[in-house]
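K.L.:
model_29.txt is reproduced in full below (compact mmCIF, C-alpha atoms).
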# COMPACT_ATOMS: atom_id res chain seq x y z
CA MET A 1 42.08 -8.29 -8.40
CA ARG A 2 39.62 -10.43 -6.47
CA HIS A 3 37.85 -12.13 -9.35
CA ARG A 4 35.54 -15.07 -8.59
CA MET A 5 35.65 -14.33 -4.85
CA SER A 6 32.18 -13.79 -3.44
CA GLY A 7 31.44 -12.19 -0.12
CA ARG A 8 32.77 -9.26 1.88
CA LYS A 9 35.74 -9.38 4.23
CA LEU A 10 34.24 -6.67 6.48
CA GLY A 11 37.68 -5.84 7.85
CA ARG A 12 38.02 -9.23 9.59
CA ASN A 13 39.77 -12.51 9.03
CA ALA A 14 37.88 -15.74 8.35
CA SER A 15 37.53 -16.94 11.95
CA HIS A 16 36.42 -13.51 13.13
CA ARG A 17 33.77 -13.32 10.40
CA ARG A 18 32.39 -16.76 11.30
CA ALA A 19 32.17 -15.80 14.96
CA MET A 20 30.45 -12.53 14.07
CA PHE A 21 27.85 -14.21 11.83
CA ARG A 22 27.27 -16.87 14.50
CA ASN A 23 26.55 -14.25 17.16
CA MET A 24 24.39 -12.11 14.87
CA ALA A 25 22.34 -15.09 13.68
CA ALA A 26 21.79 -16.30 17.25
CA SER A 27 20.76 -12.80 18.33
CA LEU A 28 18.27 -12.50 15.46
CA ILE A 29 16.72 -15.91 16.16
CA LYS A 30 16.50 -15.38 19.92
CA THR A 31 14.60 -12.12 19.48
CA VAL A 32 11.65 -14.16 18.15
CA ARG A 33 10.87 -15.49 21.64
CA ALA A 34 12.06 -12.51 23.68
CA ASP A 35 9.57 -11.08 26.18
CA GLU A 36 9.01 -7.36 26.51
CA GLY A 37 9.61 -7.40 30.27
CA ASP A 38 13.04 -9.03 30.01
CA GLU A 39 16.13 -6.94 30.53
CA GLY A 40 17.67 -5.99 27.20
CA ALA A 41 14.63 -7.17 25.26
CA PRO A 42 14.41 -5.84 21.68
CA LYS A 43 11.87 -3.21 20.75
CA VAL A 44 10.54 -5.44 17.94
CA GLN A 45 10.64 -9.23 17.99
CA GLY A 46 12.48 -10.95 15.15
CA ARG A 47 14.50 -7.88 14.14
CA ILE A 48 18.01 -6.51 14.65
CA VAL A 49 19.73 -3.37 13.36
CA THR A 50 23.18 -3.50 11.78
CA THR A 51 25.04 -2.06 8.81
CA VAL A 52 23.92 -2.67 5.26
CA ALA A 53 27.00 -4.73 4.35
CA LYS A 54 26.67 -7.00 7.40
CA ALA A 55 22.94 -7.46 6.82
CA LYS A 56 23.54 -8.57 3.23
CA GLU A 57 26.12 -11.13 4.35
CA LEU A 58 24.01 -12.34 7.28
CA ARG A 59 20.90 -12.95 5.21
CA PRO A 60 22.04 -16.14 3.36
CA TYR A 61 23.61 -17.41 6.59
CA VAL A 62 20.26 -17.23 8.42
CA GLU A 63 18.19 -18.54 5.52
CA LYS A 64 20.32 -21.68 5.30
CA LEU A 65 19.57 -22.31 8.97
CA VAL A 66 15.83 -21.92 8.35
CA THR A 67 16.10 -24.39 5.47
CA LEU A 68 17.65 -26.95 7.82
CA ALA A 69 14.74 -26.48 10.23
CA LYS A 70 12.22 -26.93 7.41
CA LYS A 71 13.85 -30.16 6.24
CA ALA A 72 13.68 -31.56 9.75
CA GLN A 73 9.93 -30.93 10.07
CA LYS A 74 8.78 -33.85 7.91
CA HIS A 75 11.06 -36.30 9.75
CA GLU A 76 9.82 -35.12 13.15
CA GLU A 77 6.21 -35.49 12.03
CA LYS A 78 6.91 -39.00 10.76
CA ALA A 79 8.53 -39.97 14.07
CA GLU A 80 5.57 -38.77 16.14
CA GLN A 81 3.51 -41.83 15.23
CA TYR A 82 6.09 -44.08 16.93
CA ALA A 83 6.76 -41.83 19.95
CA THR A 84 5.45 -42.27 23.49
CA THR A 85 4.06 -39.79 25.99
CA ALA A 86 5.42 -41.63 29.05
CA GLU A 87 7.96 -39.92 31.28
CA ARG A 88 11.56 -40.95 31.04
CA ASN A 89 12.77 -43.89 33.18
CA THR A 90 9.24 -45.02 34.01
CA SER A 91 8.14 -48.61 33.52
CA GLU A 92 6.04 -47.66 30.50
CA TRP A 93 8.94 -45.77 28.95
CA LYS A 94 11.34 -48.67 29.57
CA SER A 95 8.96 -51.11 27.88
CA TRP A 96 8.69 -48.76 24.90
CA ARG A 97 12.47 -48.37 24.87
CA GLY A 98 12.94 -52.11 24.43
CA SER A 99 10.23 -52.58 21.79
CA ASP A 100 10.38 -52.48 18.00
CA GLN A 101 8.43 -49.23 18.08
CA TRP A 102 11.48 -47.48 19.54
CA ASN A 103 13.62 -48.78 16.68
CA GLN A 104 11.17 -47.35 14.16
CA TRP A 105 11.11 -44.04 16.03
CA ASN A 106 14.90 -43.97 16.14
CA GLN A 107 15.19 -44.48 12.38
CA ALA A 108 12.55 -41.85 11.65
CA ILE A 109 14.02 -39.18 13.94
CA ALA A 110 17.66 -39.72 12.93
CA PRO A 111 17.64 -37.26 9.97
CA ALA A 112 16.01 -34.56 12.13
CA ILE A 113 18.70 -34.98 14.78
CA ASP A 114 21.35 -34.66 12.09
CA TYR A 115 19.85 -31.35 10.93
CA ARG A 116 19.81 -30.09 14.52
CA ARG A 117 23.48 -30.96 14.95
CA ARG A 118 24.38 -29.16 11.75
CA ALA A 119 22.48 -26.07 12.92
CA PHE A 120 24.17 -26.20 16.32
CA ALA A 121 27.57 -26.34 14.62
CA LEU A 122 26.73 -23.01 12.95
CA LEU A 123 25.07 -21.30 15.93
CA ARG A 124 26.68 -22.80 19.05
CA ASP A 125 23.59 -21.81 21.03
CA LYS A 126 21.06 -24.37 22.30
CA ASP A 127 18.29 -21.82 22.87
CA ALA A 128 18.65 -20.46 19.35
CA VAL A 129 18.54 -23.97 17.87
CA ASP A 130 15.39 -24.78 19.87
CA ILE A 131 13.64 -21.62 18.65
CA LEU A 132 14.80 -22.27 15.09
CA PHE A 133 13.35 -25.80 14.90
CA SER A 134 10.26 -25.34 17.08
CA GLU A 135 8.97 -21.98 15.80
CA LEU A 136 10.68 -20.78 12.62
CA GLY A 137 10.58 -24.16 10.91
CA GLU A 138 6.80 -24.35 11.36
CA ARG A 139 6.25 -20.71 10.38
CA PHE A 140 8.00 -21.06 7.02
CA ALA A 141 6.88 -24.62 6.23
CA ASP A 142 4.90 -23.47 3.17
CA ARG A 143 7.29 -20.75 2.02
CA ASN A 144 9.96 -21.39 -0.60
CA GLY A 145 12.83 -19.08 0.30
CA GLY A 146 12.90 -15.41 1.18
CA TYR A 147 12.55 -15.81 4.95
CA THR A 148 14.14 -12.46 5.83
CA ARG A 149 14.03 -8.91 4.53
CA ILE A 150 16.48 -6.02 4.65
CA VAL A 151 15.22 -2.46 5.02
CA ARG A 152 17.60 0.48 4.77
CA LEU A 153 17.33 3.12 7.48
CA ALA A 154 17.62 6.84 6.91
CA LYS A 155 19.47 7.38 10.18
CA VAL A 156 23.21 6.73 9.91
CA ARG A 157 25.33 5.25 12.67
CA LEU A 158 26.72 7.70 15.18
CA GLY A 159 30.50 7.95 15.00
CA ASP A 160 31.37 6.87 11.45
CA ALA A 161 28.09 7.72 9.64
CA GLY A 162 27.78 4.14 8.41
CA GLU A 163 24.62 3.19 6.51
CA GLN A 164 22.32 1.22 8.76
CA ALA A 165 19.68 -1.35 7.92
CA LEU A 166 17.37 -3.68 9.78
CA ILE A 167 17.06 -7.37 9.03
CA GLU A 168 13.95 -9.22 10.20
CA PHE A 169 11.91 -12.35 9.56
CA VAL A 170 8.97 -11.98 7.19
CA GLY A 171 5.41 -13.07 7.82
CA VAL A 172 4.56 -10.89 10.83
CA ARG A 173 4.71 -7.25 9.74
CA ASP A 174 4.17 -7.69 6.02
CA ARG A 175 2.57 -4.89 4.06
CA VAL A 176 -0.92 -5.59 2.81
CA LYS A 177 -1.10 -5.43 -0.96
CA ILE A 178 -3.89 -3.13 -2.11
CA THR A 179 -5.44 -4.05 -5.44
CA GLN A 180 -7.03 -1.17 -7.31
CA THR A 181 -10.18 -1.88 -9.26
CA ALA A 182 -11.04 -0.09 -12.49
CA PRO A 183 -13.57 2.74 -12.08
CA VAL A 184 -17.12 2.16 -13.28
CA VAL A 185 -17.92 4.21 -16.40
CA VAL A 186 -21.42 5.74 -16.42
CA ASP A 187 -22.91 7.32 -19.57
CA ASP A 188 -23.74 11.03 -19.23
CA GLU A 189 -26.68 10.87 -21.67
CA GLU A 190 -30.06 10.71 -19.96
CA PRO A 191 -32.65 8.18 -21.18
CA ALA A 192 -35.31 9.55 -23.54
CA ASP A 193 -38.73 10.56 -22.09
CA GLU A 194 -41.92 8.66 -22.84
CA GLY A 195 -43.38 11.61 -24.77
CA SER A 196 -40.41 11.85 -27.07
CA SER A 197 -40.55 8.11 -27.66
CA VAL A 198 -44.24 8.35 -28.66
CA GLU A 199 -43.48 11.24 -31.01
CA GLY A 200 -40.66 9.25 -32.53
CA GLU A 201 -42.99 6.32 -33.13
CA SER A 202 -45.60 8.56 -34.78
CA GLU A 203 -42.98 10.11 -37.03
CA SER A 204 -41.73 6.70 -38.03
CA THR A 205 -45.25 5.55 -38.85
CA GLU A 206 -45.83 8.67 -40.94
CA GLN A 207 -42.59 8.06 -42.80
CA THR A 208 -43.58 4.49 -43.51
CA GLU A 209 -47.09 5.47 -44.62
CA SER A 210 -46.02 8.36 -46.89
CA PRO A 211 -44.96 6.22 -49.88
CA GLU A 212 -48.35 4.48 -49.96
CA ALA A 213 -50.17 7.82 -49.76
CA GLU A 214 -48.12 9.19 -52.63
CA ALA A 215 -48.92 6.10 -54.67
CA SER A 216 -52.66 6.52 -53.98
CA GLU A 217 -52.50 10.19 -55.01
CA GLU A 218 -50.78 9.35 -58.27
CA THR A 219 -53.41 6.79 -59.38
CA PRO A 220 -56.25 9.33 -60.24
CA GLU A 221 -53.94 11.26 -62.56
CA VAL A 222 -53.07 8.07 -64.35
CA GLU A 223 -56.77 7.22 -64.76
CA ALA A 224 -57.56 10.72 -66.12
CA SER A 225 -54.79 10.53 -68.67
CA SER A 226 -56.02 7.12 -69.83
CA GLU A 227 -59.57 8.51 -70.35
CA GLU A 228 -58.22 11.40 -72.47
CA THR A 229 -56.31 9.04 -74.73
CA ASP A 230 -59.46 6.90 -75.23
CA SER A 231 -61.54 9.96 -76.25
CA GLU A 232 -58.93 11.11 -78.75
CA GLU A 233 -58.82 7.68 -80.39
CA ALA A 234 -62.64 7.66 -80.69
CA LYS A 235 -62.62 11.03 -82.47
CA LYS A 236 -60.03 9.84 -84.94
CA GLU A 237 -62.10 6.78 -85.79
CA GLU A 238 -65.11 8.97 -86.49
So that I can check it, write out the structure of this file as structure tokens.

P.N.:
Amino acid sequence: MRHRMSGRKLGRNASHRRAMFRNMAASLIKTVRADEGDEGAPKVQGRIVTTVAKAKELRPYVEKLVTLAKKAQKHEEKAEQYATTAERNTSEWKSWRGSDQWNQWNQAIAPAIDYRRRAFALLRDKDAVDILFSELGERFADRNGGYTRIVRLAKVRLGDAGEQALIEFVGVRDRVKITQTAPVVVDDEEPADEGSSVEGESESTEQTESPEAEASEETPEVEASSEETDSEEAKKEE
């Protein structure tokens, strides 16, 4: 029972696995700068095809290398203010080499050189290290993790029908996220015509005037009844 043992053996011993990951990582990084006219150039830059298991194990290996390149960026930028543009072994370069400015440059660039040495120990390829620190470090300077993606392929490998997948660097062929907006709701009822509005106003005025008219009609009856009562009282007095 292999409890608390992360990772896949992939049918290889430890040294063979390290060599395989080193070669695969260098191949993936070197495809970023590959030209289409070169012999053996990849169809798509920054992408290789392998099995699903190998891609899953290679992903953290490559992302740690990109993290080293990102950490070196700030030290290289800090050292640029003390650097010189003179060619090596010229009189200007020799004067800079013996000045205090060189000492400041040396102290500022030392951490970046350390990160390059650590990356070279994992890759063992100078071209891959140069691409890693000059291009990939700048590309992912503002990204916090997730520098690669794995996409499963429907086509299996010829021979053993192994599941294949591609692993590539993100940021070049990313899918554009489409945001759907809510549809605009329009009322089906048509606005009332001017004639109907005038009729409605006339009806409302009639309704408001009807109580006053009824009150005016009731007043004569009240007056007539009061006159009758007065005449009856006069007869009784007589």

K.L.:
Nearest to Leu28 in chain A: which of A:Arg173, A:Arg59, A:Arg97, A:Arg143 is it, counting all atoms listed in the file?

P.N.:
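When distances to Leu28 in chain A are compared using all atoms listed in the file, the smallest one comes from A:Arg59.
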
K.L.:
Considering only C-alpha atoms, can you say which of A:Asp38, A:Arg8, A:Pro111, A:Leu123 comes closest to Phe21 in chain A?

P.N.:
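Answer, going by the shortest atom-to-atom distance: A:Leu123.
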
K.L.:
Counting all atoms listed in the file, figure out which residue out of A:His3, A:Lys78, A:Lys70, A:Lys64 gets nearest to Ser134 in chain A.

P.N.:
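Answer, going by the shortest atom-to-atom distance: A:Lys70.
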
K.L.:
May I ask which of the residues A:Thr84, A:Asn23, A:Gln45, A:Gln164 is the closest one to Ser99 in chain A, counting only C-alpha atoms?

P.N.:
A:Thr84

K.L.:
Can you tell me, as a count of residues only, what residues are no more than 12 Å from Leu58 in chain A when counting all atoms listed in the file, ignoring any on the same chain fewer than 6 positions away?

P.N.:
29

K.L.:
Could I see range 65-88 of chain A restored to N, CA and C atoms, set down as a compact mmCIF listing (two decimals), in the frame of the given file?

P.N.:
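Everything below was put into rebuild-v3.txt:
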# COMPACT_ATOMS: atom_id res chain seq x y z
N LEU A 65 19.98 -21.70 7.71
CA LEU A 65 19.57 -22.31 8.97
C LEU A 65 18.07 -22.61 8.97
N VAL A 66 17.28 -21.69 8.43
CA VAL A 66 15.83 -21.92 8.35
C VAL A 66 15.52 -23.10 7.43
N THR A 67 16.30 -23.25 6.37
CA THR A 67 16.10 -24.39 5.47
C THR A 67 16.37 -25.71 6.18
N LEU A 68 17.39 -25.74 7.04
CA LEU A 68 17.65 -26.95 7.82
C LEU A 68 16.47 -27.28 8.74
N ALA A 69 15.90 -26.26 9.35
CA ALA A 69 14.74 -26.48 10.23
C ALA A 69 13.53 -26.98 9.45
N LYS A 70 13.34 -26.48 8.23
CA LYS A 70 12.22 -26.93 7.41
C LYS A 70 12.40 -28.39 7.00
N LYS A 71 13.61 -28.78 6.64
CA LYS A 71 13.85 -30.16 6.24
C LYS A 71 13.62 -31.13 7.39
N ALA A 72 13.87 -30.68 8.60
CA ALA A 72 13.68 -31.56 9.75
C ALA A 72 12.22 -31.75 10.13
N GLN A 73 11.34 -30.86 9.67
CA GLN A 73 9.93 -30.93 10.07
C GLN A 73 9.27 -32.24 9.64
N LYS A 74 9.47 -32.64 8.40
CA LYS A 74 8.78 -33.85 7.91
C LYS A 74 9.27 -35.10 8.64
N HIS A 75 10.55 -35.14 9.02
CA HIS A 75 11.06 -36.30 9.75
C HIS A 75 10.53 -36.33 11.18
N GLU A 76 10.39 -35.16 11.79
CA GLU A 76 9.82 -35.12 13.15
C GLU A 76 8.35 -35.52 13.14
N GLU A 77 7.62 -35.09 12.12
CA GLU A 77 6.21 -35.49 12.03
C GLU A 77 6.07 -36.99 11.79
N LYS A 78 6.96 -37.56 11.00
CA LYS A 78 6.91 -39.00 10.76
C LYS A 78 7.24 -39.79 12.02
N ALA A 79 8.13 -39.26 12.86
CA ALA A 79 8.53 -39.97 14.07
C ALA A 79 7.50 -39.87 15.18
N GLU A 80 6.57 -38.94 15.08
CA GLU A 80 5.57 -38.77 16.14
C GLU A 80 4.64 -39.98 16.27
N GLN A 81 4.42 -40.69 15.17
CA GLN A 81 3.51 -41.83 15.23
C GLN A 81 4.11 -43.01 15.99
N TYR A 82 5.43 -43.01 16.17
CA TYR A 82 6.09 -44.08 16.93
C TYR A 82 6.52 -43.62 18.32
N ALA A 83 6.30 -42.37 18.66
CA ALA A 83 6.76 -41.83 19.95
C ALA A 83 5.82 -42.24 21.07
N THR A 84 6.25 -41.99 22.30
CA THR A 84 5.45 -42.27 23.49
C THR A 84 5.35 -41.02 24.35
N THR A 85 4.27 -40.93 25.11
CA THR A 85 4.06 -39.79 25.99
C THR A 85 4.48 -40.09 27.43
N ALA A 86 5.01 -41.26 27.68
CA ALA A 86 5.42 -41.63 29.05
C ALA A 86 6.66 -40.87 29.46
N GLU A 87 6.79 -40.62 30.76
CA GLU A 87 7.96 -39.92 31.28
C GLU A 87 9.18 -40.83 31.24
N ARG A 88 10.32 -40.20 31.16
CA ARG A 88 11.56 -40.95 31.04
C ARG A 88 11.83 -41.76 32.31
